[in-house]
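Content type mmCIF, C-alpha atoms, pLDDT in the B column; chains and numbers go by the auth columns, from the file input.cif:
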data_my_file
loop_
_atom_site.group_PDB
_atom_site.id
_atom_site.type_symbol
_atom_site.label_atom_id
_atom_site.label_comp_id
_atom_site.label_asym_id
_atom_site.label_seq_id
_atom_site.Cartn_x
_atom_site.Cartn_y
_atom_site.Cartn_z
_atom_site.B_iso_or_equiv
_atom_site.auth_seq_id
_atom_site.auth_asym_id
ATOM 1 C CA MET A 1 131.140 69.564 147.209 51.00 1 A
ATOM 2 C CA ASN A 2 132.267 66.842 144.866 58.00 2 A
ATOM 3 C CA ASP A 3 133.650 67.468 141.410 58.00 3 A
ATOM 4 C CA VAL A 4 130.956 66.994 138.760 55.00 4 A
ATOM 5 C CA THR A 5 131.497 66.781 135.019 54.00 5 A
ATOM 6 C CA VAL A 6 128.555 66.723 132.589 51.00 6 A
ATOM 7 C CA GLN A 7 129.132 66.385 128.870 51.00 7 A
ATOM 8 C CA THR A 8 126.738 66.148 125.905 53.00 8 A
ATOM 9 C CA ASP A 9 127.392 66.376 122.179 51.00 9 A
ATOM 10 C CA ASP A 10 127.466 70.176 122.231 52.00 10 A
ATOM 11 C CA VAL A 11 128.188 71.254 125.818 51.00 11 A
ATOM 12 C CA ALA A 12 130.745 70.235 128.403 50.00 12 A
ATOM 13 C CA VAL A 13 130.310 71.567 131.950 49.00 13 A
ATOM 14 C CA ASP A 14 132.935 70.954 134.612 51.00 14 A
ATOM 15 C CA MET A 15 131.964 72.022 138.119 55.00 15 A
ATOM 16 C CA ASN A 16 134.730 72.027 140.746 55.00 16 A
ATOM 17 C CA ASP A 17 134.494 73.254 144.315 53.00 17 A
ATOM 18 C CA ASP A 18 134.992 76.904 143.488 53.00 18 A
ATOM 19 C CA TYR A 19 135.166 77.050 139.670 48.00 19 A
ATOM 20 C CA THR A 20 132.719 76.328 136.839 49.00 20 A
ATOM 21 C CA SER A 21 133.929 75.848 133.268 50.00 21 A
ATOM 22 C CA VAL A 22 131.628 75.705 130.263 49.00 22 A
ATOM 23 C CA ASP A 23 132.800 74.603 126.833 50.00 23 A
ATOM 24 C CA VAL A 24 130.309 74.915 123.995 50.00 24 A
ATOM 25 C CA SER A 25 131.553 73.158 120.897 54.00 25 A
ATOM 26 C CA ASP A 26 131.620 75.591 117.985 54.00 26 A
ATOM 27 C CA ASP A 27 128.306 77.194 118.960 55.00 27 A
ATOM 28 C CA GLY A 28 129.440 80.773 119.259 54.00 28 A
ATOM 29 C CA TYR A 29 130.178 80.836 122.971 55.00 29 A
ATOM 30 C CA THR A 30 133.446 81.364 124.783 58.00 30 A
ATOM 31 C CA SER A 31 134.648 79.049 127.530 58.00 31 A
ATOM 32 C CA ASP A 32 133.061 81.233 130.203 59.00 32 A
ATOM 33 C CA GLY A 33 129.587 80.883 128.641 57.00 33 A
ATOM 34 C CA TYR A 34 129.313 84.271 126.941 56.00 34 A
ATOM 35 C CA MET A 35 128.661 84.714 123.237 54.00 35 A
ATOM 36 C CA SER A 36 131.801 85.350 121.282 54.00 36 A
ATOM 37 C CA SER A 37 132.099 88.544 119.257 52.00 37 A
ATOM 38 C CA ASP A 38 133.503 86.472 116.383 51.00 38 A
ATOM 39 C CA TYR A 39 130.034 85.164 115.592 49.00 39 A
ATOM 40 C CA THR A 40 127.151 86.831 113.844 49.00 40 A
ATOM 41 C CA THR A 41 123.468 86.057 113.658 49.00 41 A
ATOM 42 C CA SER A 42 120.696 87.009 111.285 51.00 42 A
ATOM 43 C CA THR A 43 118.185 84.220 111.716 54.00 43 A
ATOM 44 C CA GLY A 44 119.050 82.986 115.173 55.00 44 A
ATOM 45 C CA THR A 45 121.659 80.594 113.812 55.00 45 A
ATOM 46 C CA TYR A 46 125.192 81.378 114.844 55.00 46 A
ATOM 47 C CA VAL A 47 127.762 81.257 112.090 52.00 47 A
ATOM 48 C CA PRO A 48 131.443 81.592 112.809 59.00 48 A
ATOM 49 C CA VAL A 49 132.835 84.456 110.756 58.00 49 A
ATOM 50 C CA ASP A 50 136.316 83.010 110.620 63.00 50 A
ATOM 51 C CA ASN A 51 135.018 79.765 109.104 70.00 51 A
ATOM 52 C CA LEU A 52 133.415 81.339 106.004 74.00 52 A
ATOM 53 C CA ASP A 53 134.870 79.981 102.815 81.00 53 A
ATOM 54 C CA PRO A 54 135.860 82.949 100.623 83.00 54 A
ATOM 55 C CA ALA A 55 135.154 80.992 97.449 87.00 55 A
ATOM 56 C CA ALA A 56 131.642 80.128 98.630 85.00 56 A
ATOM 57 C CA ALA A 57 130.989 83.734 99.624 85.00 57 A
ATOM 58 C CA ALA A 58 132.220 84.929 96.234 89.00 58 A
ATOM 59 C CA ALA A 59 130.064 82.351 94.442 89.00 59 A
ATOM 60 C CA MET A 60 126.969 83.428 96.388 90.00 60 A
ATOM 61 C CA ALA A 61 127.696 87.079 95.609 90.00 61 A
ATOM 62 C CA GLY A 62 128.210 86.193 91.940 93.00 62 A
ATOM 63 C CA PHE A 63 124.906 84.304 91.748 94.00 63 A
ATOM 64 C CA GLY A 64 123.173 87.211 93.449 93.00 64 A
ATOM 65 C CA LEU A 65 124.671 89.664 90.973 95.00 65 A
ATOM 66 C CA ILE A 66 123.678 87.491 88.015 96.00 66 A
ATOM 67 C CA ALA A 67 120.122 87.164 89.365 96.00 67 A
ATOM 68 C CA PHE A 68 119.917 90.950 89.786 96.00 68 A
ATOM 69 C CA VAL A 69 121.166 91.586 86.242 96.00 69 A
ATOM 70 C CA VAL A 70 118.667 89.094 84.784 96.00 70 A
ATOM 71 C CA TRP A 71 115.806 90.561 86.838 96.00 71 A
ATOM 72 C CA PHE A 72 116.752 94.121 85.862 97.00 72 A
ATOM 73 C CA SER A 73 117.026 93.125 82.173 97.00 73 A
ATOM 74 C CA VAL A 74 113.546 91.608 82.221 96.00 74 A
ATOM 75 C CA ILE A 75 112.141 94.780 83.810 96.00 75 A
ATOM 76 C CA VAL A 76 113.809 96.974 81.172 96.00 76 A
ATOM 77 C CA LEU A 77 112.635 94.682 78.349 96.00 77 A
ATOM 78 C CA MET A 78 109.021 94.845 79.547 96.00 78 A
ATOM 79 C CA ILE A 79 109.125 98.643 79.979 96.00 79 A
ATOM 80 C CA VAL A 80 110.588 99.128 76.499 96.00 80 A
ATOM 81 C CA SER A 81 108.041 96.696 75.029 96.00 81 A
ATOM 82 C CA MET A 82 105.073 98.460 76.606 96.00 82 A
ATOM 83 C CA TRP A 83 106.492 101.843 75.534 96.00 83 A
ATOM 84 C CA LYS A 84 106.713 100.597 71.937 96.00 84 A
ATOM 85 C CA ILE A 85 103.196 99.079 72.032 95.00 85 A
ATOM 86 C CA TYR A 86 101.746 102.382 73.254 95.00 86 A
ATOM 87 C CA ALA A 87 103.668 104.247 70.542 94.00 87 A
ATOM 88 C CA LYS A 88 102.400 101.848 67.862 94.00 88 A
ATOM 89 C CA ALA A 89 98.856 102.557 69.035 93.00 89 A
ATOM 90 C CA GLY A 90 99.369 106.298 68.621 91.00 90 A
ATOM 91 C CA GLN A 91 99.661 107.030 72.331 93.00 91 A
ATOM 92 C CA PRO A 92 102.670 108.582 74.060 94.00 92 A
ATOM 93 C CA GLY A 93 105.149 105.887 75.053 93.00 93 A
ATOM 94 C CA TRP A 94 105.914 107.542 78.381 94.00 94 A
ATOM 95 C CA ALA A 95 102.306 106.864 79.406 94.00 95 A
ATOM 96 C CA SER A 96 103.223 103.201 79.835 94.00 96 A
ATOM 97 C CA ILE A 97 105.400 103.928 82.873 94.00 97 A
ATOM 98 C CA ILE A 98 102.992 106.146 84.827 94.00 98 A
ATOM 99 C CA PRO A 99 100.986 104.076 87.334 93.00 99 A
ATOM 100 C CA ILE A 100 97.194 104.103 86.883 93.00 100 A
ATOM 101 C CA TYR A 101 97.490 106.478 83.914 95.00 101 A
ATOM 102 C CA ASN A 102 99.003 103.594 81.937 95.00 102 A
ATOM 103 C CA ILE A 103 95.831 101.574 82.565 95.00 103 A
ATOM 104 C CA ILE A 104 93.645 104.477 81.439 95.00 104 A
ATOM 105 C CA VAL A 105 95.634 104.794 78.215 95.00 105 A
ATOM 106 C CA LEU A 106 95.582 101.010 77.716 95.00 106 A
ATOM 107 C CA LEU A 107 91.789 101.061 78.057 95.00 107 A
ATOM 108 C CA GLN A 108 91.709 103.776 75.379 94.00 108 A
ATOM 109 C CA ILE A 109 93.917 101.656 73.122 95.00 109 A
ATOM 110 C CA VAL A 110 91.601 98.652 73.450 94.00 110 A
ATOM 111 C CA GLN A 111 88.552 100.941 73.226 93.00 111 A
ATOM 112 C CA LYS A 112 86.997 100.040 76.544 94.00 112 A
ATOM 113 C CA PRO A 113 85.327 102.526 78.894 94.00 113 A
ATOM 114 C CA ILE A 114 87.522 104.218 81.476 94.00 114 A
ATOM 115 C CA TRP A 115 85.292 103.028 84.341 94.00 115 A
ATOM 116 C CA TRP A 116 86.674 99.506 83.777 94.00 116 A
ATOM 117 C CA ILE A 117 89.595 100.630 85.930 94.00 117 A
ATOM 118 C CA VAL A 118 87.260 100.215 88.918 94.00 118 A
ATOM 119 C CA LEU A 119 86.782 96.553 87.976 94.00 119 A
ATOM 120 C CA LEU A 120 90.537 96.030 88.266 93.00 120 A
ATOM 121 C CA PHE A 121 90.308 96.749 92.004 92.00 121 A
ATOM 122 C CA ILE A 122 87.753 93.992 92.651 93.00 122 A
ATOM 123 C CA PRO A 123 89.371 90.691 93.649 93.00 123 A
ATOM 124 C CA PHE A 124 88.888 87.813 91.185 94.00 124 A
ATOM 125 C CA VAL A 125 86.995 90.115 88.802 95.00 125 A
ATOM 126 C CA ASN A 126 90.317 91.775 88.008 94.00 126 A
ATOM 127 C CA PHE A 127 91.674 88.501 86.590 95.00 127 A
ATOM 128 C CA VAL A 128 88.773 88.282 84.136 95.00 128 A
ATOM 129 C CA ILE A 129 89.138 91.949 83.187 96.00 129 A
ATOM 130 C CA ILE A 130 92.893 91.574 82.594 95.00 130 A
ATOM 131 C CA ILE A 131 92.229 88.600 80.318 95.00 131 A
ATOM 132 C CA MET A 132 89.622 90.625 78.424 95.00 132 A
ATOM 133 C CA ILE A 133 91.959 93.632 78.094 95.00 133 A
ATOM 134 C CA TYR A 134 94.829 91.451 76.859 95.00 134 A
ATOM 135 C CA HIS A 135 92.517 89.748 74.375 95.00 135 A
ATOM 136 C CA GLU A 136 91.317 93.099 73.068 94.00 136 A
ATOM 137 C CA LEU A 137 94.931 94.270 72.861 95.00 137 A
ATOM 138 C CA SER A 138 95.878 91.268 70.775 94.00 138 A
ATOM 139 C CA LYS A 139 92.792 91.801 68.581 93.00 139 A
ATOM 140 C CA VAL A 140 93.561 95.476 67.871 94.00 140 A
ATOM 141 C CA PHE A 141 97.010 94.386 66.732 93.00 141 A
ATOM 142 C CA GLY A 142 95.555 91.697 64.440 91.00 142 A
ATOM 143 C CA LYS A 143 96.325 88.701 66.654 92.00 143 A
ATOM 144 C CA GLY A 144 94.016 85.954 67.908 92.00 144 A
ATOM 145 C CA ALA A 145 93.130 84.084 71.072 93.00 145 A
ATOM 146 C CA GLY A 146 96.321 82.000 70.967 94.00 146 A
ATOM 147 C CA PHE A 147 98.381 85.163 71.144 94.00 147 A
ATOM 148 C CA THR A 148 96.287 86.290 74.113 95.00 148 A
ATOM 149 C CA ILE A 149 97.109 83.054 75.942 95.00 149 A
ATOM 150 C CA GLY A 150 100.769 83.620 75.129 95.00 150 A
ATOM 151 C CA MET A 151 100.572 87.166 76.508 95.00 151 A
ATOM 152 C CA LEU A 152 99.068 85.817 79.724 95.00 152 A
ATOM 153 C CA LEU A 153 101.438 82.888 80.248 95.00 153 A
ATOM 154 C CA LEU A 154 104.673 84.060 78.603 95.00 154 A
ATOM 155 C CA SER A 155 104.506 87.841 78.787 93.00 155 A
ATOM 156 C CA ILE A 156 108.285 88.179 78.594 95.00 156 A
ATOM 157 C CA ILE A 157 108.168 86.679 75.089 95.00 157 A
ATOM 158 C CA PHE A 158 104.832 87.805 73.640 95.00 158 A
ATOM 159 C CA PHE A 159 104.905 91.496 74.627 95.00 159 A
ATOM 160 C CA PRO A 160 108.249 92.034 72.830 96.00 160 A
ATOM 161 C CA ILE A 161 106.859 90.131 69.822 95.00 161 A
ATOM 162 C CA LEU A 162 103.895 92.507 69.769 94.00 162 A
ATOM 163 C CA ALA A 163 106.132 95.534 70.278 94.00 163 A
ATOM 164 C CA PHE A 164 108.962 94.778 67.870 94.00 164 A
ATOM 165 C CA GLY A 165 107.172 92.535 65.389 91.00 165 A
ATOM 166 C CA SER A 166 105.301 93.500 62.262 90.00 166 A
ATOM 167 C CA ALA A 167 101.915 93.804 63.997 90.00 167 A
ATOM 168 C CA THR A 168 100.203 97.122 63.370 91.00 168 A
ATOM 169 C CA TYR A 169 97.514 98.850 65.348 91.00 169 A
ATOM 170 C CA GLN A 170 94.175 98.407 63.615 88.00 170 A
ATOM 171 C CA LEU A 171 91.768 100.927 65.042 77.00 171 A
ATOM 172 C CA GLN A 172 88.320 99.400 65.240 64.00 172 A
ATOM 173 C CA SER A 173 86.249 102.483 64.811 53.00 173 A
ATOM 174 C CA VAL A 174 82.660 102.128 65.781 46.00 174 A
ATOM 175 C CA SER A 175 80.828 104.467 63.498 46.00 175 A
ATOM 176 C CA PRO A 176 77.274 105.489 64.262 48.00 176 A
ATOM 177 C CA PRO A 177 74.675 104.112 61.865 50.00 177 A
ATOM 178 C CA GLN A 178 74.108 106.300 58.833 57.00 178 A
ATOM 179 C CA PRO A 179 70.553 107.421 58.181 58.00 179 A
ATOM 180 C CA SER A 180 69.194 105.751 55.130 58.00 180 A
ATOM 181 C CA ALA A 181 68.056 107.878 52.269 60.00 181 A
ATOM 182 C CA VAL A 182 64.516 107.165 51.263 53.00 182 A
#

If you convert what's in this file into structure tokens, what do you get?
Amino acid sequence: MNDVTVQTDDVAVDMNDDYTSVDVSDDGYTSDGYMSSDYTTSTGTYVPVDNLDPAAAAAMAGFGLIAFVVWFSVIVLMIVSMWKIYAKAGQPGWASIIPIYNIIVLLQIVQKPIWWIVLLFIPFVNFVIIIMIYHELSKVFGKGAGFTIGMLLLSIIFFPILAFGSATYQLQSVSPPQPSAV
């Protein structure tokens, strides 16, 4: 058999009479065609471990840590804000962190029937109901429709304003009609 050499951009194969040599250029394979243990894969792309830049790895870890801290801070801010809003409305603050119960208490704060919780499970209807609940929430704290839009679009700003601002809960009591004296 004749000697044959085939070479492309990534692979060089040299076939002699009794020996075959494969050289894969920086693709994670050894010269005998097997994957090297120095390479790792997570998405099917082979990345040489020894070629990782420590500064780049540290920068990525730093950005990830900063993103986590910002995300965690936003979560804590929203929990504290809802706790304070519930407390301002005369409800226990801890009720704001209990799933489903927090919606029941919120419906009591905005004076809507408890069965509205069922409407929150209906797709597309739930968006309308959330808008109505937020609008009622802003109304019971003496705010208007503009504040409702702010609560919908910029919750991270408007919920803390409602919680820590000077807004007070204004119970809208619906009193039954009094009988008239004749």

Selection under test: the PyMOL selection byres ((chain A and resi 93-110) around 6); residues as an mmCIF file with C-alpha atoms, in the coordinates of the input:
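Writing done, so here's expr.cif:
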data_model
loop_
_atom_site.group_PDB
_atom_site.id
_atom_site.type_symbol
_atom_site.label_atom_id
_atom_site.label_comp_id
_atom_site.auth_asym_id
_atom_site.auth_seq_id
_atom_site.Cartn_x
_atom_site.Cartn_y
_atom_site.Cartn_z
ATOM 1 C CA TRP A 83 106.492 101.843 75.534
ATOM 2 C CA TYR A 86 101.746 102.382 73.254
ATOM 3 C CA ALA A 87 103.668 104.247 70.542
ATOM 4 C CA PRO A 92 102.670 108.582 74.060
ATOM 5 C CA GLN A 111 88.552 100.941 73.226
ATOM 6 C CA LYS A 112 86.997 100.040 76.544
ATOM 7 C CA GLU A 136 91.317 93.099 73.068
ATOM 8 C CA LEU A 137 94.931 94.270 72.861
#

Inset, instruction - Apply the PyMOL selection byres ((chain A and resi 129) around 12) to the file shown and report the selected residues as a ChimeraX atom specification. - result: /A:103,107,112,115-128,130-136

Inset, instruction - Write out as a PyMOL selection string which residues come within 9 Å of Ser81 of chain A when counting only C-alpha atoms, dropping same-chain ones fewer than 2 positions away. - result: chain A and resi 76-79+83-86+159-164

Inset, instruction - Counting all atoms listed in the file, note down every residue that has an atom within 12 Å of the point (111.4, 84.1, 81.1) (file coordinates), as a PyMOL selection string. - result: chain A and resi 70-71+73-75+77-78+153-160

Legend entry - Point-to-point distance in Å for atom CA of Lys143 of chain A and atom CA of Ala167 of chain A: 8.0 Å

Legend entry - Separation of atom CA of Gly146 of chain A from atom CA of Gln170 of chain A, in Å and rounded to one decimal: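 Between these atoms lies a distance of 18.1 Å.
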
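Between atom CA of Leu52 of chain A and atom CA of Phe68 of chain A there is a distance of 23.2 Å.
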
May I ask you to restore N, CA and C atoms in segment 135-149 of chain A and write the result as a compact mmCIF listing (two decimals), in the coordinates of the input?
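As a result, result17.txt now contains:
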# COMPACT_ATOMS: atom_id res chain seq x y z
N HIS A 135 93.10 90.29 75.60
CA HIS A 135 92.52 89.75 74.38
C HIS A 135 92.18 90.88 73.40
N GLU A 136 91.61 91.95 73.92
CA GLU A 136 91.32 93.10 73.07
C GLU A 136 92.60 93.72 72.52
N LEU A 137 93.65 93.74 73.33
CA LEU A 137 94.93 94.27 72.86
C LEU A 137 95.47 93.42 71.72
N SER A 138 95.40 92.12 71.86
CA SER A 138 95.88 91.27 70.78
C SER A 138 94.99 91.41 69.54
N LYS A 139 93.69 91.63 69.73
CA LYS A 139 92.79 91.80 68.58
C LYS A 139 93.07 93.10 67.84
N VAL A 140 93.32 94.21 68.56
CA VAL A 140 93.56 95.48 67.87
C VAL A 140 94.90 95.48 67.16
N PHE A 141 95.76 94.53 67.47
CA PHE A 141 97.01 94.39 66.73
C PHE A 141 96.95 93.23 65.74
N GLY A 142 95.74 92.72 65.47
CA GLY A 142 95.56 91.70 64.44
C GLY A 142 95.93 90.29 64.87
N LYS A 143 95.97 90.03 66.15
CA LYS A 143 96.32 88.70 66.65
C LYS A 143 95.07 88.02 67.18
N GLY A 144 95.17 86.73 67.46
CA GLY A 144 94.02 85.95 67.91
C GLY A 144 94.09 85.53 69.36
N ALA A 145 93.24 84.57 69.70
CA ALA A 145 93.13 84.08 71.07
C ALA A 145 94.40 83.36 71.52
N GLY A 146 95.07 82.68 70.62
CA GLY A 146 96.32 82.00 70.97
C GLY A 146 97.39 82.98 71.41
N PHE A 147 97.42 84.13 70.75
CA PHE A 147 98.38 85.16 71.14
C PHE A 147 98.02 85.72 72.51
N THR A 148 96.73 85.83 72.79
CA THR A 148 96.29 86.29 74.11
C THR A 148 96.76 85.34 75.20
N ILE A 149 96.64 84.05 74.97
CA ILE A 149 97.11 83.05 75.94
C ILE A 149 98.62 83.19 76.13
